file my_file-v4.cif (mmCIF, C-alpha atoms (C1' of nucleotides))
data_coords
#
loop_
_atom_site.label_atom_id
_atom_site.label_comp_id
_atom_site.auth_asym_id
_atom_site.auth_seq_id
_atom_site.Cartn_x
_atom_site.Cartn_y
_atom_site.Cartn_z
CA MET A 53 -45.42 18.09 -1.86
CA LYS A 54 -43.06 15.26 -2.60
CA THR A 55 -42.60 12.45 -0.13
CA ALA A 56 -39.75 11.38 -2.41
CA ALA A 57 -38.23 8.17 -1.09
CA LYS A 58 -35.05 9.83 -2.23
CA PRO A 59 -34.31 11.41 -5.58
CA THR A 60 -32.38 9.21 -7.95
CA ARG A 61 -29.67 11.77 -8.46
CA GLU A 62 -29.06 11.92 -4.76
CA ARG A 63 -28.86 8.16 -4.51
CA ILE A 64 -26.26 8.12 -7.25
CA VAL A 65 -24.13 10.74 -5.55
CA GLU A 66 -24.39 8.83 -2.30
CA ALA A 67 -23.23 5.62 -3.92
CA ALA A 68 -20.45 7.43 -5.75
CA SER A 69 -19.40 9.12 -2.56
CA LYS A 70 -19.01 5.89 -0.64
CA LEU A 71 -17.15 4.15 -3.43
CA PHE A 72 -14.92 7.02 -4.47
CA TYR A 73 -13.98 7.75 -0.89
CA SER A 74 -13.19 4.20 0.05
CA GLU A 75 -11.54 2.96 -3.14
CA GLY A 76 -10.40 6.07 -4.95
CA ILE A 77 -11.78 7.69 -8.06
CA ARG A 78 -9.71 5.89 -10.62
CA GLY A 79 -10.26 2.62 -8.85
CA VAL A 80 -14.04 2.78 -9.20
CA SER A 81 -15.89 2.27 -12.46
CA VAL A 82 -19.08 3.98 -13.45
CA ASP A 83 -20.66 0.53 -13.65
CA ALA A 84 -19.76 -0.07 -10.02
CA VAL A 85 -21.40 3.20 -8.98
CA ALA A 86 -24.55 2.37 -10.91
CA GLU A 87 -24.74 -1.05 -9.35
CA LYS A 88 -24.22 0.35 -5.84
CA ALA A 89 -26.99 2.87 -6.48
CA GLY A 90 -29.24 0.06 -7.64
CA LEU A 91 -29.82 1.26 -11.17
CA THR A 92 -28.54 1.01 -14.69
CA LYS A 93 -25.52 2.76 -16.03
CA ARG A 94 -27.80 4.18 -18.68
CA THR A 95 -29.86 5.88 -15.98
CA LEU A 96 -26.75 7.22 -14.35
CA TYR A 97 -25.80 8.82 -17.64
CA TYR A 98 -29.25 10.30 -17.80
CA HIS A 99 -28.45 12.31 -14.67
CA PHE A 100 -24.75 12.95 -15.20
CA THR A 101 -23.02 13.82 -18.40
CA SER A 102 -19.74 12.08 -17.57
CA LYS A 103 -17.69 10.48 -14.84
CA ASP A 104 -15.97 13.82 -14.27
CA ASP A 105 -19.35 15.34 -13.65
CA LEU A 106 -20.03 12.64 -11.08
CA ILE A 107 -16.69 13.21 -9.39
CA ALA A 108 -17.46 16.89 -9.03
CA ALA A 109 -20.86 16.09 -7.55
CA TYR A 110 -19.19 13.74 -5.07
CA LEU A 111 -17.00 16.48 -3.67
CA ASP A 112 -19.71 19.13 -3.81
CA GLY A 113 -21.71 16.91 -1.53
CA ARG A 114 -18.92 16.68 1.02
CA ASP A 115 -18.06 20.34 1.30
CA GLN A 116 -20.78 21.54 3.63
CA PRO A 117 -21.02 18.49 5.92
CA ASN A 118 -17.28 18.34 6.45
CA LEU A 119 -17.08 21.98 7.43
CA ALA A 120 -20.10 21.60 9.68
CA LEU A 121 -18.43 18.73 11.47
CA PHE A 122 -15.35 20.80 12.23
CA GLN A 123 -17.55 23.60 13.46
CA ARG A 124 -19.53 21.31 15.71
CA TRP A 125 -16.39 19.89 17.27
CA PHE A 126 -15.10 23.39 17.83
CA ASP A 127 -18.33 24.79 19.21
CA GLU A 128 -19.05 21.92 21.55
CA ALA A 129 -15.60 21.97 23.15
CA GLU A 130 -15.20 23.54 26.55
CA GLY A 131 -12.39 25.91 27.43
CA GLY A 132 -10.31 28.48 25.63
CA LEU A 133 -9.47 28.89 21.98
CA ASP A 134 -6.58 26.46 22.25
CA ASP A 135 -8.84 23.83 23.76
CA LYS A 136 -11.41 24.32 21.04
CA VAL A 137 -8.80 23.93 18.33
CA THR A 138 -7.35 20.90 20.08
CA ALA A 139 -10.84 19.40 20.13
CA ILE A 140 -10.95 19.41 16.34
CA PHE A 141 -7.79 17.37 16.17
CA ARG A 142 -8.87 15.07 18.97
CA ASN A 143 -12.12 14.26 17.21
CA LEU A 144 -10.38 13.90 13.89
CA GLY A 145 -7.97 11.47 15.46
CA LYS A 146 -10.89 9.46 16.75
CA SER A 147 -12.40 9.34 13.27
CA ALA A 148 -9.06 8.30 11.81
CA ARG A 149 -9.04 5.20 13.95
CA HIS A 150 -12.10 3.78 12.28
CA PRO A 151 -11.08 1.23 9.67
CA LYS A 152 -13.15 2.93 7.00
CA TRP A 153 -11.30 6.20 7.38
CA LYS A 154 -9.26 7.02 4.30
CA GLY A 155 -7.98 10.53 4.81
CA CYS A 156 -9.41 13.65 3.21
CA GLY A 157 -11.40 13.09 0.04
CA PHE A 158 -10.49 16.52 -1.28
CA LEU A 159 -6.76 16.05 -0.86
CA ARG A 160 -6.87 12.55 -2.25
CA THR A 161 -8.75 13.74 -5.29
CA ALA A 162 -6.10 16.38 -5.89
CA ALA A 163 -3.51 13.61 -5.75
CA GLU A 164 -5.41 11.38 -8.13
CA LEU A 165 -6.23 14.09 -10.63
CA VAL A 166 -2.78 15.63 -10.51
CA ASP A 167 -2.60 15.94 -14.27
CA MET A 168 -5.90 17.81 -14.60
CA PRO A 169 -5.38 20.92 -12.47
CA GLY A 170 -8.45 22.65 -13.85
CA HIS A 171 -10.85 19.84 -13.05
CA PRO A 172 -14.08 21.04 -11.43
CA ALA A 173 -13.52 18.65 -8.54
CA ILE A 174 -10.19 20.30 -7.82
CA LYS A 175 -11.86 23.68 -7.78
CA THR A 176 -14.41 22.36 -5.32
CA GLY A 177 -11.57 21.10 -3.16
CA ILE A 178 -9.82 24.45 -3.19
CA ALA A 179 -13.06 26.21 -2.30
CA HIS A 180 -13.69 23.80 0.57
CA LYS A 181 -10.27 24.37 2.12
CA LYS A 182 -10.70 28.10 1.67
CA ARG A 183 -13.96 27.97 3.58
CA VAL A 184 -12.41 26.06 6.44
CA GLU A 185 -9.59 28.56 6.56
CA ALA A 186 -11.93 31.54 6.41
CA TRP A 187 -14.03 30.15 9.23
CA LEU A 188 -10.98 29.61 11.43
CA ARG A 189 -9.65 33.06 10.61
CA GLN A 190 -12.87 34.61 11.78
CA GLU A 191 -12.95 32.60 15.00
CA PHE A 192 -9.37 33.61 15.70
CA ALA A 193 -10.00 37.25 14.91
CA GLU A 194 -13.05 37.30 17.16
CA ALA A 195 -11.00 35.79 19.97
CA GLY A 196 -8.48 38.57 19.59
CA ALA A 197 -5.59 36.46 18.35
CA THR A 198 -2.80 38.33 16.63
CA GLY A 199 -2.13 37.35 13.04
CA ALA A 200 -5.42 35.53 12.64
CA GLU A 201 -4.86 35.02 8.91
CA ALA A 202 -1.48 33.37 9.28
CA LEU A 203 -2.71 31.34 12.22
CA ALA A 204 -5.70 30.03 10.31
CA ARG A 205 -3.42 28.94 7.48
CA GLN A 206 -1.10 27.23 9.89
CA ILE A 207 -3.92 25.28 11.48
CA VAL A 208 -5.15 24.21 8.05
CA LEU A 209 -1.64 23.07 7.24
CA LEU A 210 -1.51 20.97 10.39
CA LEU A 211 -4.93 19.54 9.70
CA ASP A 212 -4.03 18.54 6.19
CA GLY A 213 -0.63 17.35 7.30
CA GLY A 214 -2.41 15.04 9.70
CA PHE A 215 -4.66 13.76 6.91
CA ALA A 216 -1.72 13.09 4.64
CA VAL A 217 0.65 11.56 7.16
CA VAL A 218 -1.91 9.28 8.76
CA LEU A 219 -3.24 8.14 5.40
CA LEU A 220 0.28 6.96 4.70
CA ASN A 221 1.43 5.48 7.99
CA ARG A 222 -1.93 4.64 9.56
CA ASP A 223 -0.80 5.86 12.94
CA ALA A 224 -3.59 8.14 14.06
CA SER A 225 -1.60 9.45 17.00
CA TYR A 226 0.10 11.83 14.58
CA ILE A 227 -3.14 13.77 14.42
CA GLU A 228 -2.98 14.35 18.14
CA THR A 229 0.61 15.51 17.75
CA ALA A 230 -0.62 17.94 15.13
CA GLY A 231 -3.21 19.09 17.63
CA GLU A 232 -0.52 19.84 20.18
CA ALA A 233 1.39 21.86 17.62
CA ALA A 234 -1.80 23.71 16.78
CA ALA A 235 -2.44 24.48 20.43
CA THR A 236 1.08 25.80 20.85
CA LEU A 237 0.65 28.10 17.87
CA VAL A 238 -2.74 29.32 19.07
CA ARG A 239 -1.42 30.09 22.52
CA ALA A 240 1.53 31.96 21.03
CA ALA A 241 -0.92 34.16 19.12
CA LEU A 242 -3.18 34.86 22.08
CA PRO A 243 -2.86 38.03 24.14
CA VAL A 244 -1.08 37.36 27.42
CA ARG A 245 -3.54 36.75 30.19
CA MET B 836 34.99 -4.70 -20.53
CA LYS B 837 31.67 -2.93 -20.26
CA THR B 838 31.46 0.83 -20.56
CA ALA B 839 27.81 0.42 -19.52
CA ALA B 840 25.93 3.34 -21.02
CA LYS B 841 23.44 2.76 -18.20
CA PRO B 842 21.86 -0.47 -17.05
CA THR B 843 18.51 -1.17 -18.58
CA ARG B 844 16.83 -1.64 -15.23
CA GLU B 845 17.98 1.76 -14.15
CA ARG B 846 16.69 3.35 -17.32
CA ILE B 847 13.31 1.77 -16.75
CA VAL B 848 13.10 3.06 -13.18
CA GLU B 849 14.11 6.51 -14.38
CA ALA B 850 11.38 6.54 -17.00
CA ALA B 851 8.82 5.20 -14.54
CA SER B 852 9.87 7.77 -12.00
CA LYS B 853 9.31 10.69 -14.33
CA LEU B 854 5.99 9.42 -15.59
CA PHE B 855 4.56 8.21 -12.30
CA TYR B 856 5.52 11.42 -10.55
CA SER B 857 4.14 13.71 -13.20
CA GLU B 858 0.99 11.84 -14.18
CA GLY B 859 0.23 9.54 -11.29
CA ILE B 860 0.58 5.81 -11.03
CA ARG B 861 -2.84 4.81 -12.23
CA GLY B 862 -2.64 7.34 -15.01
CA VAL B 863 0.45 5.79 -16.55
CA SER B 864 0.43 2.49 -18.40
CA VAL B 865 3.24 0.00 -18.43
CA ASP B 866 3.40 0.51 -22.19
CA ALA B 867 4.01 4.21 -21.66
CA VAL B 868 6.86 3.51 -19.28
CA ALA B 869 8.42 1.05 -21.72
CA GLU B 870 8.17 3.54 -24.54
CA LYS B 871 9.70 6.30 -22.45
CA ALA B 872 12.56 3.98 -21.53
CA GLY B 873 13.04 3.17 -25.21
CA LEU B 874 12.28 -0.52 -25.07
CA THR B 875 9.53 -3.06 -25.32
CA LYS B 876 7.03 -3.91 -22.68
CA ARG B 877 8.24 -7.48 -22.94
CA THR B 878 11.71 -6.38 -21.90
CA LEU B 879 10.29 -4.35 -19.06
CA TYR B 880 8.56 -7.45 -17.80
CA TYR B 881 11.87 -9.23 -18.02
CA HIS B 882 13.26 -6.88 -15.39
CA PHE B 883 10.15 -6.41 -13.28
CA THR B 884 7.59 -8.97 -12.35
CA SER B 885 4.62 -6.62 -12.35
CA LYS B 886 3.56 -3.02 -12.36
CA ASP B 887 3.42 -3.11 -8.58
CA ASP B 888 7.03 -4.17 -8.58
CA LEU B 889 7.84 -1.19 -10.77
CA ILE B 890 5.93 1.17 -8.50
CA ALA B 891 7.93 -0.03 -5.52
CA ALA B 892 11.18 0.49 -7.41
CA TYR B 893 10.08 4.00 -8.29
CA LEU B 894 9.69 5.01 -4.67
CA ASP B 895 12.76 3.10 -3.52
CA GLY B 896 14.74 5.27 -5.89
CA ARG B 897 13.38 8.47 -4.43
CA ASP B 898 13.93 7.74 -0.77
CA GLN B 899 17.60 8.52 -0.42
CA PRO B 900 17.83 11.53 -2.78
CA ASN B 901 14.82 13.22 -1.21
CA LEU B 902 16.22 12.91 2.28
CA ALA B 903 19.64 14.06 1.09
CA LEU B 904 18.06 17.17 -0.39
CA PHE B 905 16.43 18.10 2.91
CA GLN B 906 19.71 17.53 4.70
CA ARG B 907 21.63 19.68 2.24
CA TRP B 908 19.17 22.54 2.63
CA PHE B 909 19.43 22.23 6.38
CA ASP B 910 23.21 21.96 6.51
CA GLU B 911 23.88 24.79 4.10
CA ALA B 912 21.66 27.25 5.93
CA GLU B 913 23.27 29.87 8.15
CA GLY B 914 21.99 30.72 11.59
CA GLY B 915 20.30 28.89 14.42
CA LEU B 916 18.15 25.81 14.44
CA ASP B 917 15.04 27.78 13.59
CA ASP B 918 16.78 29.32 10.57
CA LYS B 919 17.95 25.93 9.40
CA VAL B 920 14.45 24.49 9.62
CA THR B 921 13.01 27.53 7.90
CA ALA B 922 15.52 26.99 5.10
CA ILE B 923 14.00 23.60 4.34
CA PHE B 924 10.61 25.16 3.84
CA ARG B 925 12.00 28.08 1.89
CA ASN B 926 13.74 25.76 -0.54
CA LEU B 927 10.75 23.50 -0.76
CA GLY B 928 8.61 26.50 -1.61
CA LYS B 929 11.00 27.40 -4.36
CA SER B 930 10.74 23.88 -5.78
CA ALA B 931 6.98 23.99 -5.55
CA ARG B 932 6.89 26.97 -7.88
CA HIS B 933 8.31 24.98 -10.75
CA PRO B 934 5.53 23.89 -13.09
CA LYS B 935 6.68 20.27 -12.97
CA TRP B 936 6.30 20.10 -9.20
CA LYS B 937 3.52 17.73 -8.19
CA GLY B 938 3.77 17.39 -4.46
CA CYS B 939 5.28 14.46 -2.62
CA GLY B 940 5.46 11.21 -4.57
CA PHE B 941 5.19 9.16 -1.40
CA LEU B 942 2.06 10.85 -0.14
CA ARG B 943 0.45 10.79 -3.54
CA THR B 944 1.13 7.10 -3.88
CA ALA B 945 -0.53 6.50 -0.52
CA ALA B 946 -3.55 8.39 -1.83
CA GLU B 947 -3.66 6.46 -5.08
CA LEU B 948 -3.17 3.05 -3.51
CA VAL B 949 -5.54 3.70 -0.66
CA ASP B 950 -7.19 0.32 -1.02
CA MET B 951 -3.94 -1.66 -0.83
CA PRO B 952 -2.49 -0.66 2.54
CA GLY B 953 0.11 -3.43 2.53
CA HIS B 954 1.56 -2.52 -0.85
CA PRO B 955 5.38 -2.51 -0.88
CA ALA B 956 5.36 1.03 -2.20
CA ILE B 957 3.37 2.16 0.83
CA LYS B 958 5.89 0.51 3.12
CA THR B 959 8.66 2.33 1.33
CA GLY B 960 6.78 5.58 1.83
CA ILE B 961 6.34 4.95 5.53
CA ALA B 962 10.03 4.11 5.87
CA HIS B 963 11.00 7.27 4.03
CA LYS B 964 8.97 9.52 6.29
CA LYS B 965 10.31 7.71 9.32
CA ARG B 966 13.84 8.41 8.17
CA VAL B 967 13.14 12.09 7.70
CA GLU B 968 11.58 12.24 11.12
CA ALA B 969 14.45 10.34 12.74
CA TRP B 970 17.00 12.64 11.16
CA LEU B 971 15.16 15.74 12.41
CA ARG B 972 14.78 14.24 15.85
CA GLN B 973 18.51 13.75 16.09
CA GLU B 974 19.30 17.25 14.90
CA PHE B 975 16.88 18.65 17.45
CA ALA B 976 18.24 16.50 20.25
CA GLU B 977 21.80 17.52 19.43
CA ALA B 978 20.78 21.15 19.51
CA GLY B 979 19.35 20.63 22.96
CA ALA B 980 15.71 21.19 22.09
CA THR B 981 13.20 19.93 24.61
CA GLY B 982 10.82 17.30 23.35
CA ALA B 983 12.84 16.53 20.26
CA GLU B 984 10.62 13.59 19.32
CA ALA B 985 7.39 15.54 19.36
CA LEU B 986 9.03 18.46 17.62
CA ALA B 987 10.33 16.28 14.81
CA ARG B 988 6.86 14.88 14.27
CA GLN B 989 5.37 18.32 14.21
CA ILE B 990 7.83 19.51 11.59
CA VAL B 991 7.08 16.45 9.46
CA LEU B 992 3.39 17.23 9.78
CA LEU B 993 3.95 20.79 8.59
CA LEU B 994 6.12 19.59 5.74
CA ASP B 995 3.53 17.10 4.56
CA GLY B 996 0.76 19.57 5.17
CA GLY B 997 2.56 21.91 2.82
CA PHE B 998 2.86 19.18 0.21
CA ALA B 999 -0.81 18.33 0.43
CA VAL B 1000 -2.23 21.84 0.55
CA VAL B 1001 -0.08 23.22 -2.24
CA LEU B 1002 -0.75 20.22 -4.44
CA LEU B 1003 -4.41 21.14 -4.14
CA ASN B 1004 -4.45 24.91 -4.32
CA ARG B 1005 -1.20 25.50 -6.19
CA ASP B 1006 -0.34 28.44 -4.00
CA ALA B 1007 3.24 27.77 -2.96
CA SER B 1008 3.22 30.53 -0.38
CA TYR B 1009 1.50 28.11 1.98
CA ILE B 1010 4.78 26.29 2.29
CA GLU B 1011 6.43 29.43 3.58
CA THR B 1012 3.57 29.83 6.05
CA ALA B 1013 4.26 26.28 7.19
CA GLY B 1014 7.89 27.30 7.59
CA GLU B 1015 6.91 30.13 9.88
CA ALA B 1016 4.85 27.78 11.99
CA ALA B 1017 7.79 25.40 12.11
CA ALA B 1018 10.13 28.16 13.21
CA THR B 1019 7.72 29.19 15.96
CA LEU B 1020 7.57 25.62 17.25
CA VAL B 1021 11.33 25.20 17.12
CA ARG B 1022 11.92 28.41 19.04
CA ALA B 1023 9.38 27.36 21.64
CA ALA B 1024 11.34 24.15 22.18
CA LEU B 1025 14.74 25.80 22.41
CA PRO B 1026 16.32 26.66 25.78
CA VAL B 1027 15.96 30.34 26.60
CA ARG B 1028 18.99 32.28 25.54
"C1'" DT C 1048 -48.51 12.29 -23.08
"C1'" DC C 1049 -44.02 12.64 -21.19
"C1'" DG C 1050 -40.17 12.32 -18.10
"C1'" DA C 1051 -37.75 8.70 -16.03
"C1'" DT C 1052 -36.19 4.30 -16.31
"C1'" DT C 1053 -34.73 -0.37 -17.98
"C1'" DA C 1054 -32.47 -4.13 -20.71
"C1'" DC C 1055 -28.99 -4.92 -23.44
"C1'" DA C 1056 -26.00 -4.50 -27.16
"C1'" DT C 1057 -22.21 -2.01 -28.92
"C1'" DT C 1058 -18.14 0.96 -29.91
"C1'" DC C 1059 -13.61 1.98 -29.29
"C1'" DA C 1060 -9.66 2.81 -26.74
"C1'" DC C 1061 -6.77 1.08 -23.53
"C1'" DT C 1062 -4.48 -2.18 -19.95
"C1'" DA C 1063 -1.77 -5.72 -17.45
"C1'" DG C 1064 0.38 -9.44 -18.54
"C1'" DT C 1065 2.00 -13.56 -21.78
"C1'" DC C 1066 3.65 -16.55 -25.77
"C1'" DG C 1067 7.06 -17.85 -28.68
"C1'" DG C 1068 11.09 -16.75 -30.55
"C1'" DT C 1069 15.84 -14.31 -31.61
"C1'" DA C 1070 20.62 -12.43 -30.90
"C1'" DT C 1071 24.65 -12.33 -28.27
"C1'" DA C 1072 28.01 -13.80 -25.15
"C1'" DC C 1073 29.96 -16.65 -21.88
"C1'" DT C 1074 31.04 -21.33 -20.35
"C1'" DT C 1075 32.09 -26.24 -20.63
"C1'" DC C 1076 33.73 -30.29 -22.38
"C1'" DC C 1077 36.29 -32.95 -25.62
"C1'" DG D 214 40.23 -24.77 -30.78
"C1'" DG D 215 35.59 -25.79 -31.79
"C1'" DA D 216 31.00 -27.67 -30.89
"C1'" DA D 217 27.32 -27.69 -27.71
"C1'" DG D 218 25.06 -25.86 -24.10
"C1'" DT D 219 23.37 -22.12 -21.15
"C1'" DA D 220 22.24 -17.50 -19.39
"C1'" DT D 221 21.11 -12.84 -20.38
"C1'" DA D 222 18.71 -9.47 -22.75
"C1'" DC D 223 15.63 -8.38 -25.92
"C1'" DC D 224 11.29 -7.93 -29.15
"C1'" DG D 225 6.68 -8.22 -32.07
"C1'" DA D 226 2.33 -9.80 -31.66
"C1'" DC D 227 -1.08 -11.33 -28.96
"C1'" DT D 228 -4.75 -12.46 -25.19
"C1'" DA D 229 -8.33 -11.52 -22.31
"C1'" DG D 230 -10.34 -8.25 -20.04
"C1'" DT D 231 -11.96 -3.44 -18.54
"C1'" DG D 232 -12.95 1.33 -19.23
"C1'" DA D 233 -16.22 5.27 -20.48
"C1'" DA D 234 -19.72 6.40 -23.17
"C1'" DT D 235 -23.62 5.73 -26.61
"C1'" DG D 236 -27.73 3.67 -29.29
"C1'" DT D 237 -32.08 1.81 -29.30
"C1'" DA D 238 -36.39 0.13 -28.33
"C1'" DA D 239 -39.40 -0.89 -24.79
"C1'" DT D 240 -41.73 0.10 -20.24
"C1'" DC D 241 -43.61 2.48 -16.17
"C1'" DG D 242 -46.27 5.89 -13.77
"C1'" DA D 243 -48.50 10.39 -13.15
#

call {"tool": "encode", "arguments": {"input": "my_file-v4.cif", "output": "structure tokens"}}
result
Amino acid sequence: MKTAAKPTRERIVEAASKLFYSEGIRGVSVDAVAEKAGLTKRTLYYHFTSKDDLIAAYLDGRDQPNLALFQRWFDEAEGGLDDKVTAIFRNLGKSARHPKWKGCGFLRTAAELVDMPGHPAIKTGIAHKKRVEAWLRQEFAEAGATGAEALARQIVLLLDGGFAVVLLNRDASYIETAGEAAATLVRAALPVR
Amino acid sequence: MKTAAKPTRERIVEAASKLFYSEGIRGVSVDAVAEKAGLTKRTLYYHFTSKDDLIAAYLDGRDQPNLALFQRWFDEAEGGLDDKVTAIFRNLGKSARHPKWKGCGFLRTAAELVDMPGHPAIKTGIAHKKRVEAWLRQEFAEAGATGAEALARQIVLLLDGGFAVVLLNRDASYIETAGEAAATLVRAALPVR
DNA sequence: TCGATTACATTCACTAGTCGGTATACTTCC
DNA sequence: GGAAGTATACCGACTAGTGAATGTAATCGA
């Protein structure tokens, strides 16, 4: 039984996560991550074989929590399917107003590593988005929406459009506009009541 | 009398444009740009005060042509407003299938320069997206669509969502899905025929 | 004893930006 | 018309610093 204040590896990923997310991957040195984690670079390299390895670990660690957050927002919302989808955007918009918000780490990583399409971190990003989409598809199918696959893709597109646009112009209200578009599309796919 | 093969400054911006777009800003050194332009770094620094200056010039040079391309696709399309909007996405999808395609330079720059929100290049990016949105808004208003402002924003969101998603997963068909969503939204905003 | 960790030096490639100087052409003044 | 000055455009070599990654020897704790 390990009381484990917190495993070193985990602490490193945590430090990397904060720094990479807030300053970008290329903008953060391995030294900086080691310092933030409170240990030596040498120790960091004991746990990770390279910076790329660390980058991959950073995104691996964000996959599950990010999806869970979306699911919580959806599940906790009252009302119909359109309201539940709108709730995701509403909550995302609220997050985007915090000064520390810097868009979607997965999308930003794809932008930064644009010349290494096979990078493990990119694959993690693709898998994450696929999981979000698959979850939405299932929710839509269960609710009896027509064209659940296409609808799920469209919602993902609006979500990521919101991430991208607001990262650029810093006007979080665009995310709410995306939410309205999403609601319109959901309602159009719902059986007439 | 100067036949002017092509002004040096222009050649530099052209070289920077190609390199920055295909490999990312942080991934390209000033030396690399100079070499691509066929001159010395010293000369490059004669025409530009800094790399940041060069980055700004790169995006300045993309603003007008990018918008013009969208407008051409829209204008040349046959059919109603929904068909014309769909045409933008269809053409964009076609572009995205070329191996050199790397998403939207403006959005990617925002992702790379996430820790310098006031950077001139970011401002250029914001202005560019505003211009696209304003153009769409006017087209929609002229066509008598209700809520032209919101609709224009929603189309921009789908456009940028397509850029972001396809940059990550490299599946250009998402852009066509975005086009279908856009068409649905446009039709919903059009007066009943 | 052994896995984890540290201090610290080191390698090597690369990066933004600068120094000092040259070649050419246009202007100005006598 | 010619000398002197001035602006433009250019370059080779350099500085000073940062990057990822490694080497090594010593230490800590179970």

call {"tool": "interface_residues", "arguments": {"input": "my_file-v4.cif", "of": "chain A", "to": "chain C", "cutoff": "12 Å", "atoms": "all atoms listed in the file", "output": "JSON, numbers by chain"}}
result
{"A": [59, 60, 61, 90, 91, 92, 93, 94, 95, 96, 97, 98, 99]}

call {"tool": "interface_residues", "arguments": {"input": "my_file-v4.cif", "of": "chain A", "to": "chain B", "cutoff": "6 Å", "atoms": "all atoms listed in the file", "output": "PyMOL selection string"}}
result
chain A and resi 75+160+162-163+167+178+209-210+212-213+220-221

call {"tool": "write_last_selection", "arguments": {"input": "my_file-v4.cif", "atoms": "C-alpha atoms", "output": "PDB file, in the frame of the given file"}}
result
ATOM      1  CA  GLU A  75     -11.540   2.960  -3.140  1.00  0.00           C
ATOM      2  CA  ARG A 160      -6.870  12.550  -2.250  1.00  0.00           C
ATOM      3  CA  ALA A 162      -6.100  16.380  -5.890  1.00  0.00           C
ATOM      4  CA  ALA A 163      -3.510  13.610  -5.750  1.00  0.00           C
ATOM      5  CA  ASP A 167      -2.600  15.940 -14.270  1.00  0.00           C
ATOM      6  CA  ILE A 178      -9.820  24.450  -3.190  1.00  0.00           C
ATOM      7  CA  LEU A 209      -1.640  23.070   7.240  1.00  0.00           C
ATOM      8  CA  LEU A 210      -1.510  20.970  10.390  1.00  0.00           C
ATOM      9  CA  ASP A 212      -4.030  18.540   6.190  1.00  0.00           C
ATOM     10  CA  GLY A 213      -0.630  17.350   7.300  1.00  0.00           C
ATOM     11  CA  LEU A 220       0.280   6.960   4.700  1.00  0.00           C
ATOM     12  CA  ASN A 221       1.430   5.480   7.990  1.00  0.00           C
TER      13      ASN A 221
END

call {"tool": "atom_distance", "arguments": {"input": "my_file-v4.cif", "atom1": "CA of Ser1008 (chain B)", "atom2": "CA of Phe192 (chain A)"}}
result
20.7 Å

call {"tool": "residues_around", "arguments": {"input": "my_file-v4.cif", "residues": "region 891-894 of chain B", "least_positions_apart": "3", "cutoff": "7 Å", "atoms": "only C-alpha atoms (C1' of nucleotides)", "output": "short mmCIF file (atom, residue, chain, number, x, y, z; two decimals) with C-alpha atoms, in the coordinates of the input"}}
result
data_model
loop_
_atom_site.label_atom_id
_atom_site.label_comp_id
_atom_site.auth_asym_id
_atom_site.auth_seq_id
_atom_site.Cartn_x
_atom_site.Cartn_y
_atom_site.Cartn_z
CA VAL B 848 13.10 3.06 -13.18
CA ALA B 851 8.82 5.20 -14.54
CA SER B 852 9.87 7.77 -12.00
CA ASP B 887 3.42 -3.11 -8.58
CA ASP B 888 7.03 -4.17 -8.58
CA ARG B 897 13.38 8.47 -4.43
CA ASP B 898 13.93 7.74 -0.77
CA PHE B 941 5.19 9.16 -1.40
CA PRO B 955 5.38 -2.51 -0.88
CA ALA B 956 5.36 1.03 -2.20
CA THR B 959 8.66 2.33 1.33
#

call {"tool": "interface_residues", "arguments": {"input": "my_file-v4.cif", "of": "chain D", "to": "chain A", "cutoff": "9 Å", "atoms": "only C-alpha atoms (C1' of nucleotides)", "output": "compact mmCIF listing (two decimals) with C-alpha atoms (C1' of nucleotides), in the frame of the given file"}}
result
# COMPACT_ATOMS: atom_id res chain seq x y z
C1' DG D 232 -12.95 1.33 -19.23
C1' DA D 233 -16.22 5.27 -20.48
C1' DA D 234 -19.72 6.40 -23.17

call {"tool": "atom_distance", "arguments": {"input": "my_file-v4.cif", "atom1": "CA of Leu71 (chain A)", "atom2": "CA of Gln123 (chain A)"}}
result
25.8 Å

call {"tool": "residues_around", "arguments": {"input": "my_file-v4.cif", "residues": "Ile923 (chain B)", "least_positions_apart": "3", "cutoff": "6 Å", "atoms": "all atoms listed in the file", "output": "VMD selection string"}}
result
chain B and resid 908 to 909 920 926

call {"tool": "residues_around", "arguments": {"input": "my_file-v4.cif", "residues": "Ala987 (chain B)", "least_positions_apart": "5", "cutoff": "8 Å", "atoms": "only C-alpha atoms (C1' of nucleotides)", "output": "list in words"}}
result
Glu968, Ala969, Leu971, Arg972 and Phe975 of chain B

call {"tool": "atom_distance", "arguments": {"input": "my_file-v4.cif", "atom1": "CA of Trp970 (chain B)", "atom2": "CA of Ala1024 (chain B)"}}
result
16.9 Å
